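Undergrad: Below is one structure. I have some questions about it.
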Amino acid sequence: MANFELFKGPYNPQITEPAVLEYWERNSFSKPEYNAQTKQVDSLDELKKELTQHPEKKFTLINPPPNAYGRPHLGNISGYAYQDLMGRFWRMKGKRVLLFPGKDHAGIQGEIVVLREHFRQQGKSKQTMTREEFYAETYEYFTEMMAAALQDEKRIGLSADFERNVFTLDPTIVKNVLTTFEKLYEANKVYKGVRIVNWCTSCQTALADIDTEKKEREAPMYYLRYPLVEPVGNITHITVATTRPETMLGDTAIVVHPEDERYKQLHGRKVLLPLVKREIPIITDTQVDREVGTGCLKLTPAHAPEDYEIMLRWNENNPDKAVGWINVIDPQGMMCGPIGKFRDMSSDAAMNQVLSDFKEQQLYEKEELQSQRIPVCERCKSIIQPLMSSQWFIRVDEMKEQALTAVMEGSITIHPKYMTKKYTHWMKNLRDWPISRALWWGYRFPVWYKGSLETTYGDDGNVSEKIGGIAVNDFADAVAQGLAIVSQSSPGEGWIQDENVFDTWFSSGQWPYVTLEKEGLLDCMYPTDTMETGYDILELWVSRMIMLGLFRTGKIPFKDVYLHGIVKAEDGQKMSKSKGNVVSLDDLVGEFGADAIRMLYIVGNKAGASYRIDREKLAGNRNFLNKIWNASKYVFFSTADLQEPWEVTQASLSLAEEDKAIIAEVEKLSEQVSKKIQNFRFGLVAVDLIQSFWHSFCDVYLEQVKARLYTKDKEGNPINTSPEQQASRRAGQWTLWYVLGVYLKLLHPYVPFITEYLWASYPKSPTDSETIMHTAWPDKHT
RNA sequence: GGGAACAUAGCUCAGCUGGUUAGAGCAUUCCGUUCACAUCGGAAAGGUCACAAGUUCGAAUCUUGUUGUUCCCACCA
């Protein structure tokens, strides 16, 4: 039993919250197995049996797994308040609630952090360790760090089943995630191929489009002349504009708009590519913007994603006049390929050399300073070098159709509704998903090669692979030749495993079903009910869960997606370490309490809307908690002589008009709160709830009823002694008791700590739940 | 270039499918208290609902346009 003392003085969360936390943790109230009727924890089998018979009795919400290292900031924690609100609501509504917590290994960022924060101090690096040593030690490091992140989840009041907390690299999870890869491979939805990728020369890995961001910079645009092989009329050359002259060494065509009158007579003609003396054709594509530069685009398919797309399109429509690509920059950022003296220069040196050669040959026209947006690595901020590389891809064409349909036909609802467009737009434009990363920290590909695997950036500009010294066209070819195999375990002596690990989102994209399957709960708790996360990872994460969930289970992974806004720092800016405006839970939880912080997240806010940390609001929230505290204490001592109020029926009391009014208000409020929570409008109804408690119950009703409750006047003489007055007093006491109970329950999902603490002193029937977490929600009809 | 959201009191924002006199919190001004609470109570002041046109008996709310702010996406070489 909870033993919470009603101490004197103002409400002090520093006393109450740790005590409540300890109470929650000591019992197992947050487990779906906890049985409110028997007050026992059922077995897993009993739970499954019940949910099989009554599937409507479950509520599953998978908590988005935060990075396993380090402490989250106040913004990272905000989601837990929403997730917990839903969990507590449905639990009180009598459902078997599972909030499933986990931690993510965070791929690239995890590797960067552990190298910087852990290994560097010991003088270790990837050069001085084996892959196995690195993995084992990092695993241990992350396991330690995880405990700290868990503390914050608990501290904000998240009623998750923490015993089930699971790491993305837990062996059973790994096995399941890799099985998905195998199934994708069998279904021909995964392939290995040489494609253009966003290459981070610093992290030495490929990145998906969404793992890059754009940086603004001023850079010169150079105008370069390419002579025509044969002059057309008096035209002897064309001029192209570029910000990256060194890539001209890999040009394979010139592209003009088919309708551009200036160049119509040049279609199909050839230019002599300067410096490397290659003849390349002039082709057409409607994507070329006639207004930009000279209207002539130099096509470098190996080092510009747009050019690569144009090449594919052209080749599809003109198979007889197909153009190829020539890769001239290797993964280290050095020049390579059929480029003569430029080979082995750094790309910067090559750029200067190209420019000076053009000048010398009188082919240099001019330069103009221009602002441009260049892609950089989201994690390390290095400039992305697009290049050709052999990578694993997921074929998304079919998967994205299903994922689109699920949302457009309403099997999955996104809140706020207007974010649906963001999702559909992104999904429609989705290209094949590159899933391999050249890292050590993550899920290594379950792919094996016989002998060795070599990737060559050839002198001919090709990128090719050899397995055991034998050249292969592609992975399928290698499998056919018996040189490669997809398998979770080594096929035997002499086979080596693919060095790549999976993109982090490949594993977190499977989170809903791999977590439940680990616990044997897939049958009875999947699909989950709601996914709650920040709107900034709708595309990054939510979309992947929908695609992979549909693929692997044939079912949607969740029915509703609630997207919360971004919490800004006190200065209104996004929180970031570099700005120095990061606020942690520790900074504020002592002064205001977790309940006040949860209110800041939720009260008055709506889905998708951002807001900032506001100390004035926090102070207001703290004042409200104090109001609850004092009003409750008042009710407790002024109803102390009321016997077993739960046995009393309303009809047996002579209720005054004021009693009836507040009872009616609170009952109407219950319906509203229930309805709005179910409609995901948590924040706005919270304002009504607070208003009602503070201004109807405290300011009005409590003042009205006081005179009827006193048993002595100021001089100490007995008052309210007549039978009518006694009955009136009793009716007032009962009303206070009843109404406060309703308020505490309605408030509990919002401010769980104070309501739990007060619930211990609230007079309740012996059959009622000892924890407010499992008492019945007060609405009657919904 | 495309898309989305927002524009309401000094500040931060509510106002859901159009219906009396447009609301809350904070801030401001005045008044009040000693038997829950000064982390309090009562009251006041404060708004051409960005602008314009339209639909309507009626518009902060719906439509269109204009202006401004924010965010996202994209191929400006």
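If you're wondering about the labels, chains in the structure tokens are A, B, ... by order shown, residues count from 1 in each chain, ligands from 1 in order shown.
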Compile the contact shell of Val666 (chain A) as a ChimeraX atom specification: residues with an atom at most 10 Å away, counting only C-alpha atoms (C1' of nucleotides), same-chain residues fewer than 3 positions apart removed.

TA: /A:660-663,669-672,689,692-693,696-697,738-740,742-743,746,778-779

Undergrad: Need the shell around Gln332 (chain A): protein/DNA/RNA residues with any atom at most 10 Å away, counting only C-alpha atoms (C1' of nucleotides). Skip same-chain ones fewer than 3 positions apart. Format as JSON, numbers by chain?

TA: {"A": [199, 200, 201, 202, 204, 329, 335, 346, 347, 385]}

Undergrad: Residues of chain B near chain A: apply a cut-off of 12 Å, count only C-alpha atoms (C1' of nucleotides), and supply the list as a PyMOL selection string.

TA: chain B and resi 1-6+11-16+23-27+35-42+70-77

Undergrad: When you look at G47 (chain B) with a cut-off of 10 Å (counting only C-alpha atoms (C1' of nucleotides)), what residues show up, excluding the ones that are within fewer than 4 positions of it in the same chain? I need them as an MDAnalysis selection string.

TA: chainID B and resid 8:9 22

Undergrad: Would you give me, as a PyMOL selection string, the residues in region 331-453 of chain A that DSSP reads as alpha helix (DSSP H)?

TA: chain A and resi 347-360+397-408+419-428

Undergrad: Write out, as an mmCIF file, in the first residue's frame, the residues just selected, with C-alpha atoms.

TA:
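The new file selection_29.cif reads:
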data_model
loop_
_atom_site.group_PDB
_atom_site.id
_atom_site.type_symbol
_atom_site.label_atom_id
_atom_site.label_comp_id
_atom_site.auth_asym_id
_atom_site.auth_seq_id
_atom_site.Cartn_x
_atom_site.Cartn_y
_atom_site.Cartn_z
ATOM 1 C CA SER A 347 39.222 17.014 -56.200
ATOM 2 C CA ASP A 348 40.170 20.535 -55.102
ATOM 3 C CA ALA A 349 43.509 20.370 -56.879
ATOM 4 C CA ALA A 350 41.805 18.944 -59.952
ATOM 5 C CA MET A 351 39.338 21.828 -59.961
ATOM 6 C CA ASN A 352 42.104 24.413 -60.026
ATOM 7 C CA GLN A 353 43.996 22.530 -62.691
ATOM 8 C CA VAL A 354 40.898 22.198 -64.877
ATOM 9 C CA LEU A 355 40.228 25.921 -64.604
ATOM 10 C CA SER A 356 43.733 26.940 -65.452
ATOM 11 C CA ASP A 357 43.799 24.531 -68.410
ATOM 12 C CA PHE A 358 40.574 25.997 -69.749
ATOM 13 C CA LYS A 359 42.015 29.477 -69.415
ATOM 14 C CA GLU A 360 45.162 28.460 -71.199
ATOM 15 C CA ASP A 397 7.841 0.786 -56.053
ATOM 16 C CA GLU A 398 5.296 -1.763 -54.787
ATOM 17 C CA MET A 399 5.849 -1.121 -51.108
ATOM 18 C CA LYS A 400 5.261 2.565 -51.429
ATOM 19 C CA GLU A 401 1.992 2.034 -53.258
ATOM 20 C CA GLN A 402 0.691 -0.066 -50.384
ATOM 21 C CA ALA A 403 1.962 2.412 -47.850
ATOM 22 C CA LEU A 404 0.225 5.230 -49.702
ATOM 23 C CA THR A 405 -3.012 3.317 -49.975
ATOM 24 C CA ALA A 406 -3.047 2.538 -46.266
ATOM 25 C CA VAL A 407 -3.060 6.225 -45.447
ATOM 26 C CA MET A 408 -5.199 7.477 -48.299
ATOM 27 C CA MET A 419 0.428 16.326 -42.273
ATOM 28 C CA THR A 420 -1.108 13.612 -44.439
ATOM 29 C CA LYS A 421 -0.101 15.623 -47.487
ATOM 30 C CA LYS A 422 3.469 15.780 -46.286
ATOM 31 C CA TYR A 423 3.439 12.010 -46.094
ATOM 32 C CA THR A 424 1.799 11.326 -49.429
ATOM 33 C CA HIS A 425 3.978 13.814 -51.250
ATOM 34 C CA TRP A 426 7.127 12.283 -49.887
ATOM 35 C CA MET A 427 5.961 8.745 -50.504
ATOM 36 C CA LYS A 428 4.995 9.465 -54.102
#

Undergrad: Just how far from CA of Arg88 (chain A) is CA of Trp737 (chain A), in Å to one decimal?

TA: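 For CA of Trp737 (chain A) relative to CA of Arg88 (chain A), the distance reads 22.5 Å.
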
Undergrad: Hey, what does DSSP flag as strand (DSSP E or B) within region 92-262 of chain A? Can you give it to me as a ChimeraX atom specification?

TA: /A:96-100,102-104,166-167,190-200,205-207,212-232,235-242,253-256

Undergrad: Show which residues sit within 7 Å of region 68-74 of chain A, as a ChimeraX atom specification. Count only C-alpha atoms (C1' of nucleotides), and ignore same-chain residues fewer than 4 positions away.

TA: /A:78,103-105,142,145-146,148-149,582-585

Undergrad: Output the selection as an mmCIF file, in the first residue's frame - N, CA, C and O atoms for each residue.

TA:
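Okay, this is what ended up in result_4.cif:
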data_model
loop_
_atom_site.group_PDB
_atom_site.id
_atom_site.type_symbol
_atom_site.label_atom_id
_atom_site.label_comp_id
_atom_site.auth_asym_id
_atom_site.auth_seq_id
_atom_site.Cartn_x
_atom_site.Cartn_y
_atom_site.Cartn_z
ATOM 1 N N SER A 78 9.406 15.132 -24.539
ATOM 2 C CA SER A 78 8.010 15.574 -24.607
ATOM 3 C C SER A 78 7.057 14.487 -25.079
ATOM 4 O O SER A 78 5.941 14.381 -24.574
ATOM 5 N N LYS A 103 15.468 1.185 -26.893
ATOM 6 C CA LYS A 103 16.568 2.129 -27.163
ATOM 7 C C LYS A 103 17.187 1.784 -28.505
ATOM 8 O O LYS A 103 17.306 0.623 -28.855
ATOM 9 N N ASP A 104 17.613 2.819 -29.177
ATOM 10 C CA ASP A 104 18.138 2.657 -30.534
ATOM 11 C C ASP A 104 19.655 2.809 -30.556
ATOM 12 O O ASP A 104 20.207 3.662 -29.865
ATOM 13 N N HIS A 105 20.312 2.002 -31.396
ATOM 14 C CA HIS A 105 21.778 2.082 -31.450
ATOM 15 C C HIS A 105 22.251 3.263 -32.282
ATOM 16 O O HIS A 105 23.405 3.653 -32.211
ATOM 17 N N PHE A 142 27.115 1.253 -24.566
ATOM 18 C CA PHE A 142 25.720 1.650 -24.786
ATOM 19 C C PHE A 142 24.806 1.072 -23.708
ATOM 20 O O PHE A 142 23.855 1.713 -23.289
ATOM 21 N N MET A 145 25.048 3.323 -20.807
ATOM 22 C CA MET A 145 24.429 4.617 -21.043
ATOM 23 C C MET A 145 22.899 4.524 -21.040
ATOM 24 O O MET A 145 22.208 5.457 -20.670
ATOM 25 N N MET A 146 22.414 3.389 -21.456
ATOM 26 C CA MET A 146 20.976 3.196 -21.542
ATOM 27 C C MET A 146 20.264 3.423 -20.225
ATOM 28 O O MET A 146 19.149 3.940 -20.181
ATOM 29 N N ALA A 148 20.862 5.519 -17.979
ATOM 30 C CA ALA A 148 20.627 6.944 -17.722
ATOM 31 C C ALA A 148 19.413 7.451 -18.495
ATOM 32 O O ALA A 148 18.590 8.207 -17.969
ATOM 33 N N ALA A 149 19.308 7.006 -19.744
ATOM 34 C CA ALA A 149 18.161 7.438 -20.552
ATOM 35 C C ALA A 149 16.862 6.908 -19.951
ATOM 36 O O ALA A 149 15.849 7.607 -19.919
ATOM 37 N N VAL A 582 20.278 24.186 -24.679
ATOM 38 C CA VAL A 582 19.646 22.919 -24.334
ATOM 39 C C VAL A 582 19.226 22.916 -22.871
ATOM 40 O O VAL A 582 19.983 23.319 -21.994
ATOM 41 N N VAL A 583 17.999 22.489 -22.637
ATOM 42 C CA VAL A 583 17.487 22.380 -21.271
ATOM 43 C C VAL A 583 17.218 20.911 -20.994
ATOM 44 O O VAL A 583 16.602 20.226 -21.806
ATOM 45 N N SER A 584 17.710 20.419 -19.857
ATOM 46 C CA SER A 584 17.480 19.021 -19.523
ATOM 47 C C SER A 584 16.383 18.927 -18.475
ATOM 48 O O SER A 584 16.003 19.912 -17.858
ATOM 49 N N LEU A 585 15.901 17.725 -18.303
ATOM 50 C CA LEU A 585 14.860 17.481 -17.304
ATOM 51 C C LEU A 585 15.354 17.895 -15.917
ATOM 52 O O LEU A 585 14.618 18.511 -15.148
#

Undergrad: Residues within 12 Å of Leu266 (chain A), please, as an mmCIF file with C-alpha atoms, in the first residue's frame. Count only C-alpha atoms (C1' of nucleotides); anything in the same chain fewer than 6 positions from it doesn't count.

TA:
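The file below, part_14.cif, is the result:
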data_model
loop_
_atom_site.group_PDB
_atom_site.id
_atom_site.type_symbol
_atom_site.label_atom_id
_atom_site.label_comp_id
_atom_site.auth_asym_id
_atom_site.auth_seq_id
_atom_site.Cartn_x
_atom_site.Cartn_y
_atom_site.Cartn_z
ATOM 1 C CA LEU A 228 31.822 21.287 -81.500
ATOM 2 C CA VAL A 229 33.440 18.440 -83.374
ATOM 3 C CA GLU A 230 32.099 19.921 -86.588
ATOM 4 C CA PRO A 231 30.945 23.525 -86.635
ATOM 5 C CA VAL A 232 27.274 24.040 -87.461
ATOM 6 C CA GLY A 233 26.930 27.221 -89.472
ATOM 7 C CA ASN A 234 28.946 29.721 -87.573
ATOM 8 C CA ILE A 235 28.523 27.963 -84.247
ATOM 9 C CA THR A 236 31.830 26.487 -83.209
ATOM 10 C CA HIS A 237 31.256 25.781 -79.526
ATOM 11 C CA ILE A 238 28.688 25.692 -76.795
ATOM 12 C CA ILE A 254 25.457 17.825 -73.135
ATOM 13 C CA VAL A 255 21.754 18.251 -72.481
ATOM 14 C CA VAL A 256 19.510 20.964 -73.894
ATOM 15 C CA HIS A 257 15.788 21.482 -73.707
ATOM 16 C CA PRO A 258 14.137 19.909 -76.761
ATOM 17 C CA GLU A 259 12.118 23.069 -77.428
ATOM 18 C CA ASP A 260 15.023 25.466 -77.037
ATOM 19 C CA PRO A 281 26.695 13.838 -77.851
ATOM 20 C CA ILE A 282 24.209 16.638 -77.413
ATOM 21 C CA ILE A 283 20.976 15.143 -76.125
ATOM 22 C CA THR A 284 17.664 16.575 -74.908
ATOM 23 C CA CYS A 296 23.134 23.845 -71.791
#

Undergrad: In Å to one decimal, how far is CA of Trp24 (chain A) from CA of Leu588 (chain A)?

TA: 22.0 Å

Undergrad: Give me the residues near region 55-59 of chain B as a list of chain:residue names, where near means some atom within 9 Å (using only C-alpha atoms (C1' of nucleotides)) and where sequence neighbours in that chain fewer than 4 positions away do not count.

TA: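 That gives B:G18, B:G19, B:U63.
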
Undergrad: Work out how far CA of Ser507 (chain A) is from CA of Ser30 (chain A), in Å to one decimal.

TA: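 The value is 26.0 Å.
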
Undergrad: Residues near Glu111 (chain A), anyone? I mean within 9 Å using only C-alpha atoms (C1' of nucleotides), not counting same-chain ones fewer than 5 positions away, as a compact mmCIF listing (two decimals) with all heavy atoms, in the first residue's frame.

TA:
# COMPACT_ATOMS: atom_id res chain seq x y z
N HIS A 105 20.31 2.00 -31.40
CA HIS A 105 21.78 2.08 -31.45
C HIS A 105 22.25 3.26 -32.28
O HIS A 105 23.41 3.65 -32.21
CB HIS A 105 22.34 0.78 -32.00
CG HIS A 105 21.97 0.50 -33.42
ND1 HIS A 105 20.71 0.06 -33.77
CD2 HIS A 105 22.65 0.63 -34.56
CE1 HIS A 105 20.66 -0.09 -35.09
NE2 HIS A 105 21.82 0.26 -35.60
N ALA A 106 21.35 3.83 -33.10
CA ALA A 106 21.59 5.10 -33.79
C ALA A 106 22.79 5.09 -34.74
O ALA A 106 23.53 6.07 -34.79
CB ALA A 106 21.75 6.23 -32.77
N ARG A 116 34.05 9.42 -30.39
CA ARG A 116 34.47 10.71 -29.85
C ARG A 116 34.43 10.72 -28.32
O ARG A 116 35.37 11.15 -27.66
CB ARG A 116 33.54 11.80 -30.40
CG ARG A 116 34.04 13.21 -30.17
CD ARG A 116 33.05 14.23 -30.72
NE ARG A 116 31.74 14.06 -30.09
CZ ARG A 116 30.59 14.29 -30.71
NH1 ARG A 116 30.56 14.68 -31.96
NH2 ARG A 116 29.44 14.13 -30.08
N THR A 138 31.59 -1.26 -27.62
CA THR A 138 30.55 -0.28 -27.82
C THR A 138 29.22 -0.78 -27.26
O THR A 138 28.45 -0.03 -26.66
CB THR A 138 30.41 0.06 -29.33
OG1 THR A 138 31.68 0.48 -29.81
CG2 THR A 138 29.40 1.16 -29.56
N LEU A 439 29.72 1.14 -42.04
CA LEU A 439 30.04 1.40 -40.63
C LEU A 439 30.32 0.09 -39.92
O LEU A 439 30.14 -0.99 -40.49
CB LEU A 439 28.85 2.07 -39.94
CG LEU A 439 28.32 3.36 -40.52
CD1 LEU A 439 27.01 3.72 -39.83
CD2 LEU A 439 29.32 4.48 -40.34
N TRP A 440 30.66 0.20 -38.67
CA TRP A 440 30.84 -0.99 -37.84
C TRP A 440 29.70 -1.15 -36.84
O TRP A 440 29.47 -2.21 -36.31
CB TRP A 440 32.16 -0.90 -37.06
CG TRP A 440 33.34 -1.22 -37.90
CD1 TRP A 440 33.36 -1.56 -39.22
CD2 TRP A 440 34.70 -1.24 -37.47
NE1 TRP A 440 34.63 -1.78 -39.64
CE2 TRP A 440 35.49 -1.59 -38.59
CE3 TRP A 440 35.34 -0.99 -36.25
CZ2 TRP A 440 36.87 -1.70 -38.52
CZ3 TRP A 440 36.71 -1.10 -36.18
CH2 TRP A 440 37.49 -1.46 -37.32
N TRP A 441 29.03 -0.03 -36.58
CA TRP A 441 28.04 -0.05 -35.50
C TRP A 441 26.65 -0.26 -36.07
O TRP A 441 26.03 0.68 -36.57
CB TRP A 441 28.12 1.27 -34.71
CG TRP A 441 27.24 1.30 -33.50
CD1 TRP A 441 26.36 2.29 -33.16
CD2 TRP A 441 27.16 0.34 -32.46
NE1 TRP A 441 25.73 1.99 -31.99
CE2 TRP A 441 26.20 0.78 -31.54
CE3 TRP A 441 27.79 -0.89 -32.22
CZ2 TRP A 441 25.86 0.08 -30.38
CZ3 TRP A 441 27.45 -1.61 -31.08
CH2 TRP A 441 26.50 -1.12 -30.17
N GLY A 442 26.19 -1.51 -36.01
CA GLY A 442 24.87 -1.80 -36.52
C GLY A 442 24.73 -3.25 -36.92
O GLY A 442 25.52 -4.09 -36.52
